[in-house]
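Peer 1: Structure file target_26.cif, mmCIF, C-alpha atoms, is pasted below:
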```cif
data_data
loop_
_atom_site.label_atom_id
_atom_site.label_comp_id
_atom_site.auth_asym_id
_atom_site.auth_seq_id
_atom_site.Cartn_x
_atom_site.Cartn_y
_atom_site.Cartn_z
CA MET A 1 -9.28 -12.33 6.34
CA LEU A 2 -6.73 -9.57 6.19
CA THR A 3 -3.32 -10.62 7.51
CA LYS A 4 -0.98 -8.75 9.84
CA ARG A 5 1.95 -7.17 8.04
CA ILE A 6 5.66 -7.43 8.76
CA ILE A 7 7.52 -4.37 7.52
CA PRO A 8 11.29 -4.03 7.49
CA CYS A 9 12.32 -0.39 7.59
CA LEU A 10 15.37 0.73 5.72
CA ASP A 11 16.82 4.04 6.82
CA ILE A 12 18.54 5.64 3.88
CA LYS A 13 21.40 8.09 3.82
CA ASN A 14 23.39 8.88 0.69
CA GLY A 15 21.72 5.97 -1.08
CA ARG A 16 22.84 3.46 1.56
CA THR A 17 20.92 1.71 4.31
CA VAL A 18 21.67 2.76 7.85
CA LYS A 19 19.99 2.16 11.19
CA GLY A 20 20.25 4.49 14.09
CA VAL A 21 20.12 3.23 17.64
CA ASN A 22 17.85 5.69 19.39
CA PHE A 23 18.13 7.72 16.17
CA VAL A 24 21.88 8.41 16.55
CA ASP A 25 25.08 6.34 16.14
CA LEU A 26 24.54 5.09 12.59
CA ARG A 27 25.66 1.71 11.28
CA ASP A 28 25.79 0.68 7.64
CA ALA A 29 23.72 -2.33 6.64
CA GLY A 30 23.94 -2.48 2.88
CA ASP A 31 22.52 -1.55 -0.47
CA PRO A 32 18.80 -0.62 -0.35
CA VAL A 33 17.78 -2.26 -3.62
CA GLU A 34 19.49 -5.58 -2.87
CA LEU A 35 18.19 -5.53 0.67
CA ALA A 36 14.66 -4.76 -0.56
CA LYS A 37 14.71 -7.64 -3.04
CA GLN A 38 15.99 -9.97 -0.37
CA TYR A 39 13.21 -8.93 2.01
CA ALA A 40 10.56 -9.39 -0.69
CA ASP A 41 11.88 -12.91 -1.34
CA LEU A 42 11.90 -13.70 2.38
CA GLY A 43 8.22 -12.83 2.70
CA ALA A 44 8.24 -9.26 3.99
CA ASP A 45 4.78 -7.84 3.34
CA GLU A 46 5.83 -4.30 2.66
CA LEU A 47 8.89 -2.08 2.97
CA VAL A 48 9.45 1.39 4.35
CA PHE A 49 12.33 3.60 3.27
CA LEU A 50 13.05 6.56 5.48
CA ASP A 51 15.42 9.08 3.99
CA ILE A 52 16.96 10.41 7.18
CA SER A 53 19.17 12.79 5.28
CA ALA A 54 16.41 14.14 3.06
CA THR A 55 15.93 17.45 4.80
CA ILE A 56 19.50 18.53 4.24
CA GLU A 57 20.50 16.76 1.07
CA GLY A 58 19.25 16.83 -2.48
CA ARG A 59 16.37 14.50 -3.29
CA ALA A 60 17.85 13.32 -6.57
CA THR A 61 19.61 10.34 -4.98
CA THR A 62 16.45 9.22 -3.22
CA LEU A 63 14.34 9.48 -6.36
CA GLU A 64 16.86 7.42 -8.27
CA MET A 65 16.86 4.80 -5.54
CA VAL A 66 13.04 4.73 -5.51
CA LEU A 67 13.03 4.14 -9.24
CA HIS A 68 15.45 1.22 -8.90
CA VAL A 69 13.42 -0.29 -6.06
CA ALA A 70 10.18 0.03 -8.03
CA GLU A 71 11.79 -1.65 -11.03
CA GLN A 72 13.00 -4.64 -9.10
CA VAL A 73 10.72 -5.20 -6.12
CA ASN A 74 7.28 -6.83 -6.38
CA ILE A 75 5.81 -5.82 -3.01
CA PRO A 76 4.53 -2.41 -1.91
CA PHE A 77 6.82 0.19 -0.41
CA THR A 78 6.53 3.52 1.34
CA VAL A 79 9.01 6.37 1.19
CA GLY A 80 9.36 8.97 3.92
CA GLY A 81 11.73 11.65 5.06
CA GLY A 82 11.77 15.34 4.26
CA ILE A 83 8.52 15.32 2.30
CA SER A 84 6.73 18.65 2.61
CA SER A 85 4.86 19.42 -0.59
CA ILE A 86 2.55 18.09 -3.28
CA GLU A 87 5.52 18.26 -5.68
CA ASP A 88 7.65 16.05 -3.41
CA VAL A 89 4.90 13.42 -3.29
CA ASP A 90 4.17 13.63 -6.99
CA ALA A 91 7.85 13.02 -7.82
CA LEU A 92 8.07 9.98 -5.50
CA LEU A 93 4.84 8.41 -6.77
CA LYS A 94 5.93 8.97 -10.35
CA CYS A 95 9.13 7.07 -9.59
CA GLY A 96 7.00 4.14 -8.44
CA ALA A 97 6.63 4.59 -4.68
CA ASP A 98 3.30 3.13 -3.53
CA LYS A 99 2.90 5.33 -0.50
CA VAL A 100 4.63 8.27 1.08
CA SER A 101 4.98 9.02 4.74
CA ILE A 102 4.98 12.54 6.12
CA ASN A 103 5.86 13.55 9.64
CA SER A 104 7.16 16.95 10.78
CA SER A 105 5.73 18.75 7.75
CA ALA A 106 2.23 17.56 8.71
CA VAL A 107 2.61 18.85 12.26
CA LYS A 108 3.86 22.20 11.00
CA ARG A 109 1.05 22.50 8.44
CA PRO A 110 -1.74 19.98 9.05
CA GLU A 111 -3.62 21.07 5.89
CA LEU A 112 -0.91 19.26 3.96
CA ILE A 113 -2.60 15.97 4.89
CA ASN A 114 -5.89 17.14 3.33
CA GLU A 115 -4.15 18.42 0.24
CA LEU A 116 -2.23 15.20 -0.31
CA SER A 117 -5.09 12.83 0.38
CA ASN A 118 -7.40 14.85 -1.89
CA LYS A 119 -4.90 14.86 -4.70
CA PHE A 120 -3.41 11.38 -4.47
CA GLY A 121 -5.95 9.46 -2.39
CA SER A 122 -5.83 8.48 1.28
CA GLN A 123 -4.46 5.07 0.44
CA CYS A 124 -1.01 6.43 -0.33
CA ILE A 125 -0.70 8.93 2.51
CA VAL A 126 0.91 7.56 5.66
CA VAL A 127 1.38 9.94 8.55
CA ALA A 128 4.32 9.01 10.75
CA ILE A 129 4.12 10.14 14.35
CA ASP A 130 7.09 10.07 16.71
CA ALA A 131 6.02 10.44 20.30
CA LYS A 132 7.53 10.18 23.75
CA GLN A 133 5.78 9.47 27.01
CA ILE A 134 6.69 12.16 29.52
CA ASP A 135 5.13 12.07 33.00
CA GLY A 136 2.47 9.72 31.71
CA ASN A 137 1.53 11.88 28.71
CA TRP A 138 2.41 11.01 25.14
CA LYS A 139 3.80 14.06 23.36
CA VAL A 140 4.51 14.31 19.65
CA HIS A 141 8.16 14.96 18.74
CA LEU A 142 9.55 16.41 15.53
CA ALA A 143 12.64 16.04 13.35
CA GLY A 144 13.33 12.38 14.02
CA GLY A 145 12.29 12.71 17.63
CA SER A 146 14.70 15.48 18.57
CA ILE A 147 12.24 18.37 19.03
CA PRO A 148 9.47 18.00 21.63
CA THR A 149 6.08 19.63 21.10
CA ASP A 150 3.12 20.11 23.37
CA ILE A 151 0.85 18.13 21.04
CA ASP A 152 -0.90 15.10 22.52
CA LEU A 153 -0.34 11.88 20.54
CA PHE A 154 -3.96 10.74 20.59
CA GLU A 155 -5.44 14.11 19.70
CA TRP A 156 -3.00 14.47 16.85
CA ALA A 157 -3.66 10.94 15.61
CA LYS A 158 -7.41 11.62 15.53
CA GLU A 159 -6.84 14.84 13.61
CA VAL A 160 -4.56 13.04 11.17
CA GLU A 161 -7.31 10.50 10.51
CA ASN A 162 -9.96 13.19 10.08
CA ARG A 163 -7.78 15.04 7.62
CA GLY A 164 -7.59 11.99 5.38
CA ALA A 165 -4.49 9.96 6.23
CA GLY A 166 -4.78 6.34 5.12
CA GLU A 167 -2.54 4.93 7.79
CA ILE A 168 -0.51 5.90 10.85
CA LEU A 169 3.05 4.82 11.56
CA PHE A 170 3.55 5.32 15.28
CA THR A 171 7.07 5.25 16.70
CA SER A 172 7.54 5.34 20.44
CA MET A 173 10.71 7.25 21.28
CA ASN A 174 10.72 5.53 24.66
CA HIS A 175 10.91 2.13 22.99
CA ASP A 176 12.87 2.80 19.81
CA GLY A 177 16.28 1.16 19.89
CA THR A 178 15.68 -0.55 23.24
CA LYS A 179 14.65 -3.98 21.89
CA ASN A 180 12.31 -4.26 24.87
CA GLY A 181 9.07 -4.53 22.93
CA PHE A 182 6.57 -2.17 21.29
CA ALA A 183 4.48 0.51 23.07
CA ASN A 184 1.45 -1.75 23.17
CA LEU A 185 -0.74 0.24 25.55
CA ALA A 186 -0.51 3.36 23.40
CA LEU A 187 -0.88 1.29 20.22
CA ALA A 188 -4.03 -0.42 21.48
CA LYS A 189 -5.49 2.94 22.45
CA LEU A 190 -4.76 4.27 18.96
CA SER A 191 -6.42 1.25 17.39
CA ASP A 192 -9.47 1.61 19.62
CA GLU A 193 -9.88 5.32 18.97
CA LEU A 194 -9.11 5.34 15.27
CA ASN A 195 -10.48 3.48 12.27
CA ILE A 196 -7.42 3.47 10.01
CA PRO A 197 -4.57 0.94 10.11
CA ILE A 198 -1.82 1.47 12.70
CA ILE A 199 1.78 0.39 12.13
CA ALA A 200 3.75 -0.26 15.31
CA SER A 201 7.33 0.94 15.33
CA GLY A 202 10.08 1.07 17.92
CA GLY A 203 11.21 -1.62 20.31
CA ALA A 204 11.25 -4.90 18.37
CA GLY A 205 13.80 -7.24 19.94
CA ASN A 206 12.39 -10.75 19.68
CA VAL A 207 9.52 -12.80 18.25
CA GLN A 208 7.40 -12.46 21.38
CA HIS A 209 7.38 -8.68 20.91
CA PHE A 210 5.67 -9.11 17.55
CA ILE A 211 3.13 -11.53 19.00
CA ASP A 212 2.42 -9.04 21.78
CA THR A 213 1.99 -6.04 19.53
CA PHE A 214 -0.48 -7.88 17.30
CA LYS A 215 -2.44 -9.26 20.26
CA GLU A 216 -2.14 -6.69 23.05
CA GLY A 217 -1.21 -3.70 20.91
CA LYS A 218 -3.92 -4.49 18.31
CA SER A 219 -1.46 -3.32 15.66
CA ASP A 220 -2.23 -3.91 12.00
CA ALA A 221 1.42 -4.06 11.05
CA ALA A 222 4.77 -4.10 12.80
CA LEU A 223 7.87 -2.35 11.59
CA ALA A 224 11.44 -3.05 12.58
CA ALA A 225 14.91 -2.45 11.23
CA SER A 226 18.05 -3.69 12.95
CA VAL A 227 16.62 -7.03 14.16
CA PHE A 228 15.94 -7.81 10.51
CA HIS A 229 19.02 -6.17 8.99
CA PHE A 230 21.41 -8.03 11.26
CA GLY A 231 19.57 -11.34 11.05
CA GLU A 232 18.56 -11.44 14.69
CA ILE A 233 15.02 -12.26 13.60
CA LEU A 234 14.42 -14.14 10.35
CA ILE A 235 11.15 -13.16 8.69
CA PRO A 236 10.10 -16.69 7.57
CA GLU A 237 10.66 -18.02 11.11
CA LEU A 238 8.91 -15.01 12.61
CA LYS A 239 5.85 -15.57 10.44
CA LYS A 240 5.71 -19.27 11.29
CA ASP A 241 5.80 -18.41 14.97
CA LEU A 242 3.07 -15.80 14.53
CA LYS A 243 0.90 -18.36 12.78
CA LYS A 244 1.49 -20.85 15.61
CA ASN A 245 0.16 -18.17 17.91
CA ASN A 246 -3.03 -17.85 15.85
CA ILE A 247 -2.04 -14.56 14.25
CA LEU A 248 -3.02 -14.37 10.59
CA VAL A 249 0.00 -13.87 8.37
CA ARG A 250 0.84 -14.39 4.71
CA LEU A 251 3.02 -17.48 4.42
CA MET B 1 2.27 -8.12 -28.56
CA LYS B 2 1.39 -4.54 -27.88
CA LEU B 3 0.33 -3.73 -24.34
CA VAL B 4 -1.05 -0.30 -23.50
CA ILE B 5 -1.56 1.03 -19.98
CA ILE B 6 -4.19 3.76 -20.09
CA ASP B 7 -2.58 6.89 -18.70
CA TYR B 8 -5.29 9.34 -17.66
CA GLY B 9 -3.57 10.88 -14.68
CA ALA B 10 -5.05 8.64 -11.97
CA GLY B 11 -2.47 6.94 -9.90
CA ASN B 12 0.68 4.96 -9.85
CA ILE B 13 1.09 3.41 -13.27
CA LYS B 14 4.86 3.19 -13.06
CA SER B 15 4.69 0.12 -10.83
CA ILE B 16 2.41 -1.65 -13.32
CA GLN B 17 4.78 -0.80 -16.14
CA PHE B 18 7.72 -2.11 -14.11
CA ALA B 19 5.87 -5.33 -13.25
CA PHE B 20 5.40 -6.07 -16.96
CA LYS B 21 9.02 -5.15 -17.59
CA ARG B 22 10.02 -7.85 -15.10
CA LEU B 23 7.98 -10.22 -17.28
CA GLY B 24 9.91 -9.04 -20.32
CA ILE B 25 7.10 -6.92 -21.77
CA ASP B 26 7.48 -3.25 -22.63
CA ALA B 27 4.14 -1.61 -21.90
CA VAL B 28 3.23 1.70 -23.54
CA LEU B 29 1.63 4.45 -21.45
CA SER B 30 -1.01 6.27 -23.47
CA ASN B 31 -4.22 8.25 -23.41
CA ASN B 32 -4.40 8.28 -27.20
CA PRO B 33 -7.69 6.63 -28.33
CA LYS B 34 -6.15 5.27 -31.54
CA GLU B 35 -3.18 3.76 -29.74
CA ILE B 36 -5.42 2.22 -27.08
CA SER B 37 -7.85 0.80 -29.67
CA GLU B 38 -5.04 -0.79 -31.64
CA ALA B 39 -3.35 -2.46 -28.67
CA ASP B 40 -3.48 -6.24 -28.24
CA LYS B 41 -4.09 -5.89 -24.51
CA VAL B 42 -5.16 -2.93 -22.41
CA ILE B 43 -4.58 -2.20 -18.73
CA PHE B 44 -7.00 0.23 -17.10
CA PRO B 45 -5.38 1.29 -13.82
CA GLY B 46 -6.47 3.78 -11.22
CA VAL B 47 -5.97 4.84 -7.66
CA GLY B 48 -7.43 7.80 -5.85
CA GLU B 49 -10.95 9.15 -5.70
CA ALA B 50 -13.63 7.78 -8.05
CA SER B 51 -15.49 10.92 -9.14
CA SER B 52 -12.34 12.87 -10.00
CA ALA B 53 -10.90 9.85 -11.85
CA MET B 54 -14.15 9.59 -13.81
CA GLU B 55 -13.93 13.28 -14.66
CA MET B 56 -10.40 12.77 -15.97
CA LEU B 57 -11.64 9.88 -18.14
CA LYS B 58 -14.46 12.01 -19.51
CA SER B 59 -12.22 14.96 -20.28
CA SER B 60 -10.24 12.76 -22.67
CA GLY B 61 -13.25 10.87 -24.02
CA LEU B 62 -11.97 7.60 -22.62
CA ASP B 63 -15.28 6.84 -20.91
CA ILE B 64 -16.76 6.50 -24.42
CA LEU B 65 -13.81 4.61 -25.86
CA ILE B 66 -13.33 1.97 -23.16
CA PRO B 67 -16.71 0.17 -23.58
CA THR B 68 -16.01 -0.18 -27.32
CA LEU B 69 -12.74 -2.07 -26.82
CA LYS B 70 -12.75 -5.63 -28.14
CA GLN B 71 -9.35 -6.86 -26.93
CA PRO B 72 -8.79 -8.12 -23.37
CA VAL B 73 -8.95 -5.21 -20.90
CA LEU B 74 -7.83 -5.51 -17.29
CA GLY B 75 -9.08 -2.94 -14.79
CA ILE B 76 -6.99 -2.74 -11.64
CA CYS B 77 -8.22 -1.40 -8.28
CA LEU B 78 -10.11 1.85 -8.99
CA GLY B 79 -9.99 0.89 -12.67
CA MET B 80 -12.09 -2.17 -11.85
CA GLN B 81 -14.49 -0.11 -9.76
CA LEU B 82 -15.00 2.43 -12.55
CA LEU B 83 -15.97 -0.42 -14.87
CA CYS B 84 -18.95 -1.15 -12.58
CA ASN B 85 -22.39 0.47 -12.87
CA TYR B 86 -22.09 2.79 -9.94
CA THR B 87 -19.86 3.63 -6.98
CA GLU B 88 -20.88 5.29 -3.74
CA GLU B 89 -17.57 7.13 -3.73
CA GLY B 90 -18.39 10.66 -4.85
CA ASN B 91 -21.82 9.34 -5.98
CA THR B 92 -20.26 8.35 -9.30
CA LYS B 93 -21.85 6.66 -12.30
CA GLY B 94 -19.41 4.12 -13.71
CA ILE B 95 -18.70 2.87 -17.21
CA GLY B 96 -21.16 0.05 -16.65
CA ILE B 97 -19.37 -3.03 -17.94
CA PHE B 98 -19.80 -4.98 -14.71
CA ASN B 99 -23.36 -5.20 -13.50
CA THR B 100 -22.71 -4.38 -9.87
CA THR B 101 -22.45 -1.58 -7.34
CA VAL B 102 -19.40 -0.40 -5.40
CA LYS B 103 -20.01 0.41 -1.75
CA ARG B 104 -17.99 1.65 1.20
CA PHE B 105 -16.81 -0.81 3.86
CA SER B 106 -18.67 -0.34 7.10
CA ASP B 107 -16.84 1.15 10.06
CA ASN B 108 -16.82 -2.11 12.00
CA VAL B 109 -13.49 -2.77 10.26
CA LYS B 110 -10.58 -0.45 9.63
CA VAL B 111 -10.93 1.50 6.42
CA PRO B 112 -9.07 1.36 4.08
CA GLN B 113 -8.44 -2.35 4.02
CA MET B 114 -4.70 -2.27 3.61
CA GLY B 115 -2.53 -5.33 3.19
CA TRP B 116 -2.59 -8.96 2.10
CA ASN B 117 -5.81 -10.93 2.01
CA ILE B 118 -6.81 -14.14 0.24
CA ILE B 119 -8.69 -14.59 -3.01
CA LYS B 120 -10.96 -17.64 -3.28
CA ASN B 121 -13.63 -19.28 -5.47
CA LEU B 122 -11.40 -18.57 -8.46
CA LYS B 123 -13.03 -19.14 -11.82
CA SER B 124 -11.24 -17.72 -14.82
CA ASP B 125 -8.25 -18.38 -17.03
CA LEU B 126 -6.84 -15.27 -15.40
CA PHE B 127 -6.13 -17.48 -12.39
CA ASN B 128 -4.46 -20.39 -14.18
CA GLY B 129 -1.80 -21.79 -11.86
CA ILE B 130 -3.02 -19.69 -8.95
CA LYS B 131 -4.06 -21.74 -5.94
CA GLU B 132 -7.24 -21.14 -3.99
CA ASN B 133 -6.67 -18.82 -1.02
CA GLU B 134 -3.62 -17.20 -2.58
CA TYR B 135 -2.61 -13.90 -0.97
CA MET B 136 -2.95 -10.65 -2.86
CA TYR B 137 -2.14 -7.08 -1.86
CA LEU B 138 -5.16 -4.80 -1.52
CA VAL B 139 -5.66 -1.15 -0.60
CA HIS B 140 -9.23 0.08 -0.82
CA SER B 141 -12.11 1.65 1.07
CA TYR B 142 -14.84 0.62 -1.36
CA TYR B 143 -15.75 -2.88 -2.56
CA ALA B 144 -17.77 -4.37 -5.42
CA GLU B 145 -20.82 -6.37 -4.43
CA HIS B 146 -21.00 -9.93 -5.69
CA CYS B 147 -22.75 -10.45 -9.01
CA GLU B 148 -22.91 -13.06 -11.77
CA GLU B 149 -19.63 -11.71 -13.10
CA THR B 150 -17.67 -12.46 -9.93
CA ILE B 151 -14.58 -14.58 -10.65
CA ALA B 152 -12.90 -14.24 -7.24
CA ALA B 153 -14.06 -13.47 -3.74
CA THR B 154 -12.39 -11.94 -0.70
CA ASP B 155 -13.60 -11.56 2.87
CA TYR B 156 -13.20 -8.32 4.79
CA SER B 157 -16.07 -7.87 7.23
CA LEU B 158 -18.16 -9.29 4.40
CA ASP B 159 -17.65 -11.39 1.31
CA TYR B 160 -17.19 -9.27 -1.82
CA ALA B 161 -16.09 -9.54 -5.44
CA SER B 162 -12.33 -9.11 -5.64
CA ALA B 163 -12.30 -9.94 -9.36
CA LEU B 164 -14.90 -9.63 -12.13
CA LYS B 165 -15.19 -10.70 -15.75
CA HIS B 166 -17.58 -9.72 -18.52
CA ASN B 167 -16.72 -10.85 -22.07
CA ASN B 168 -13.29 -9.34 -22.82
CA PHE B 169 -13.30 -7.19 -19.68
CA TYR B 170 -11.52 -8.29 -16.52
CA GLY B 171 -11.26 -6.42 -13.28
CA VAL B 172 -9.23 -7.09 -10.15
CA GLN B 173 -9.55 -5.17 -6.89
CA PHE B 174 -6.11 -6.26 -5.72
CA HIS B 175 -2.80 -5.04 -7.09
CA PRO B 176 -1.21 -7.92 -9.04
CA GLU B 177 1.77 -5.67 -9.76
CA LYS B 178 2.45 -5.53 -6.02
CA SER B 179 1.45 -9.07 -5.09
CA SER B 180 4.78 -10.84 -5.33
CA LEU B 181 5.17 -13.87 -7.59
CA ALA B 182 1.48 -14.84 -7.58
CA GLY B 183 0.56 -11.36 -8.77
CA GLU B 184 3.11 -11.52 -11.55
CA LYS B 185 1.63 -14.88 -12.60
CA ILE B 186 -1.80 -13.25 -12.97
CA LEU B 187 -0.33 -10.49 -15.15
CA LYS B 188 1.38 -13.17 -17.22
CA ASN B 189 -1.93 -15.04 -17.57
CA PHE B 190 -3.59 -11.85 -18.76
CA ILE B 191 -0.93 -11.39 -21.41
CA GLU B 192 -1.45 -14.97 -22.57
CA LEU B 193 -5.27 -14.74 -22.79
#
```
Please render this file's structure as structure tokens.

Peer 2:
Amino acid sequence: MLTKRIIPCLDIKNGRTVKGVNFVDLRDAGDPVELAKQYADLGADELVFLDISATIEGRATTLEMVLHVAEQVNIPFTVGGGISSIEDVDALLKCGADKVSINSSAVKRPELINELSNKFGSQCIVVAIDAKQIDGNWKVHLAGGSIPTDIDLFEWAKEVENRGAGEILFTSMNHDGTKNGFANLALAKLSDELNIPIIASGGAGNVQHFIDTFKEGKSDAALAASVFHFGEILIPELKKDLKKNNILVRL
Amino acid sequence: MKLVIIDYGAGNIKSIQFAFKRLGIDAVLSNNPKEISEADKVIFPGVGEASSAMEMLKSSGLDILIPTLKQPVLGICLGMQLLCNYTEEGNTKGIGIFNTTVKRFSDNVKVPQMGWNIIKNLKSDLFNGIKENEYMYLVHSYYAEHCEETIAATDYSLDYASALKHNNFYGVQFHPEKSSLAGEKILKNFIEL
């Protein structure tokens, strides 16, 4: 049967890996290509690169990095950040990215999801959704979580699926950076209501959090950054523990 | 050794080219019938939607050329599906090398299947040195039904053909170019066929 995926996320700025705590206060954690190779060797199932500077900086650096990653890494990877057109996606896929993730641009112009999935296939279109629970309601946020909208998470997720996204990467702004665990109630609801894979993001702090998001959160994959980058959780150990807890993983 | 990856505009061929480069082989990207015919080995890739990929093949006459190839040909993902008789996706008639039908996964599982699953019941030189139940990376919404040409099986809500072989034609549903060391071993085996 299909296994659950462990996905380290590498935030990229100026060709270097950074990780924001609650999306601010950046720390440097190394060279993306070396880090990616290391993660592939350690048994990461997939990688996500988020270019957090993409909206304001040229994309040339990112494309070059994507090309180097594709040359050297033998597992799939997704690139996101500042993608807003067919041309952006075409350039990334041509450099060897397996999937792209779009976020704010999809909220601003939802037809983009249809256009991209029609042209490149659903399988390579990930829609990332940042949302925050306010007074019990999950509201979609834009621009790395800084701009609130009135859009309901679950309604938006359903629309994203209907428009042809192959996968959803859901980040809870309430959980991101806290290391208190993933937003499992919302994740489970997404999994129940949708029929495409859901990647859990935001809140990973220990092994139990991963067990919980696969069991209670019904997540198909779990994404984390700093706990992996700073060696707080080692992927081989994590996967062994998941297996001990009867969660199917690739070992 | 001349390896050609058929470049007909469908999908991510760069990652296949890079995977061979890691094995020390420079693959040529081409849609030129002469160049493809003269290659020692041919890779037939493909991602995206079946009917539009088939249209792209037809527009360059590759749908006629491919069945005439005599050297080992490896269809990957949608490439494998297009080598079958028929696919439900876009109600598309395939090239018809593999005597089977490609159907959509039912909605009792998440579609697409995305991630690492095992391949089993391996029976081909393509899998030399690959252990039973090895993990491969798959991304697909449609699957090939089992047939006499099945050389590997995978289970996702049902048991289906994740690899096929007919004479010099091989097809794999998974992405060996993205399946870590085991995937690279399969590509190496194909080169050494």

Peer 1: Could you work out how far atom CA of Gly94 of chain B lies from atom CA of Ser60 of chain B, giving the answer in Å with one decimal?

Peer 2: 15.5 Å

Peer 1: Counting all atoms listed in the file, a student should be able to say which residues of chain B come within 8 Å of chain A; what is the right answer, written as a PyMOL selection string?

Peer 2: chain B and resi 11-15+18-19+21-22+47-49+107+109-118+135+139-140+154-156+177-181

Peer 1: Would you compute the distance between atom CA of Gly181 of chain A and atom CA of Leu42 of chain A? Give it in Å to one decimal.

Peer 2: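 Computing the Euclidean distance for atom CA of Gly181 of chain A and atom CA of Leu42 of chain A yields 22.7 Å.
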
Peer 1: Would you mind telling me which residue in A:Ile235, A:Val126, A:Asn206, A:Asn14 lies nearest to Phe170 of chain A when using all atoms listed in the file?

Peer 2: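 With all atoms listed in the file as the atom set, the closest residue is A:Val126.
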
Peer 1: What gap, in Å, lies between atom CA of Leu83 of chain B and atom CA of Lys103 of chain B?

Peer 2: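 Straight-line distance from atom CA of Leu83 of chain B to atom CA of Lys103 of chain B works out to 13.8 Å.
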
Peer 1: Quick one: residues within 8 Å of Ala182 of chain B, only C-alpha atoms, excluding same-chain residues fewer than 2 positions away - as a ChimeraX atom specification?

Peer 2: /B:130,134-136,176,179-180,184-186

Peer 1: Kindly extract all protein, DNA and RNA residues lying within 9 Å of the coordinates (2.3, 14.1, 14.8) given in the file, considering all atoms listed in the file, and supply them as a PyMOL selection string.

Peer 2: chain A and resi 103-104+106-107+127-131+139-142+151-153+156-157+160+170

Peer 1: Could you give me, as a PyMOL selection string, the residues that sit within 10 Å of (-7.4, -18.1, -16.3) in the file's coordinates, counting only C-alpha atoms?

Peer 2: chain B and resi 122-130+151+186+189-190+192-193

Peer 1: Since we have the selection now, will you write its residues out, keeping C-alpha atoms, as a JSON list (two decimals), in the coordinates of the input?

Peer 2:
```json
[["chain", "number", "residue", "atom", "x", "y", "z"],
["B", 122, "LEU", "CA", -11.40, -18.57, -8.46],
["B", 123, "LYS", "CA", -13.03, -19.14, -11.82],
["B", 124, "SER", "CA", -11.24, -17.72, -14.82],
["B", 125, "ASP", "CA", -8.25, -18.38, -17.03],
["B", 126, "LEU", "CA", -6.84, -15.27, -15.40],
["B", 127, "PHE", "CA", -6.13, -17.48, -12.39],
["B", 128, "ASN", "CA", -4.46, -20.39, -14.18],
["B", 129, "GLY", "CA", -1.80, -21.79, -11.86],
["B", 130, "ILE", "CA", -3.02, -19.69, -8.95],
["B", 151, "ILE", "CA", -14.58, -14.58, -10.65],
["B", 186, "ILE", "CA", -1.80, -13.25, -12.97],
["B", 189, "ASN", "CA", -1.93, -15.04, -17.57],
["B", 190, "PHE", "CA", -3.59, -11.85, -18.76],
["B", 192, "GLU", "CA", -1.45, -14.97, -22.57],
["B", 193, "LEU", "CA", -5.27, -14.74, -22.79]]
```

Peer 1: Excluding same-chain residues fewer than 3 positions from Leu10 of chain A, what lies within 8 Å of it counting all atoms listed in the file, as number ranges by chain?

Peer 2: A: 17-19, 32, 47-50, 225

Peer 1: Report the residues retrieved by the PyMOL selection byres ((chain A and resi 233) around 12) from the displayed file, expressed as an NGL selection string.

Peer 2: :A and (6 or 8 or 42 or 179 or 204-210 or 224-232 or 234-241)

Peer 1: From the set B:Thr150, B:Ser51, B:Ser59, B:Asn121, which residue has the shortest atom-to-atom contact distance to Tyr170 of chain B, counting only C-alpha atoms?

Peer 2: B:Thr150
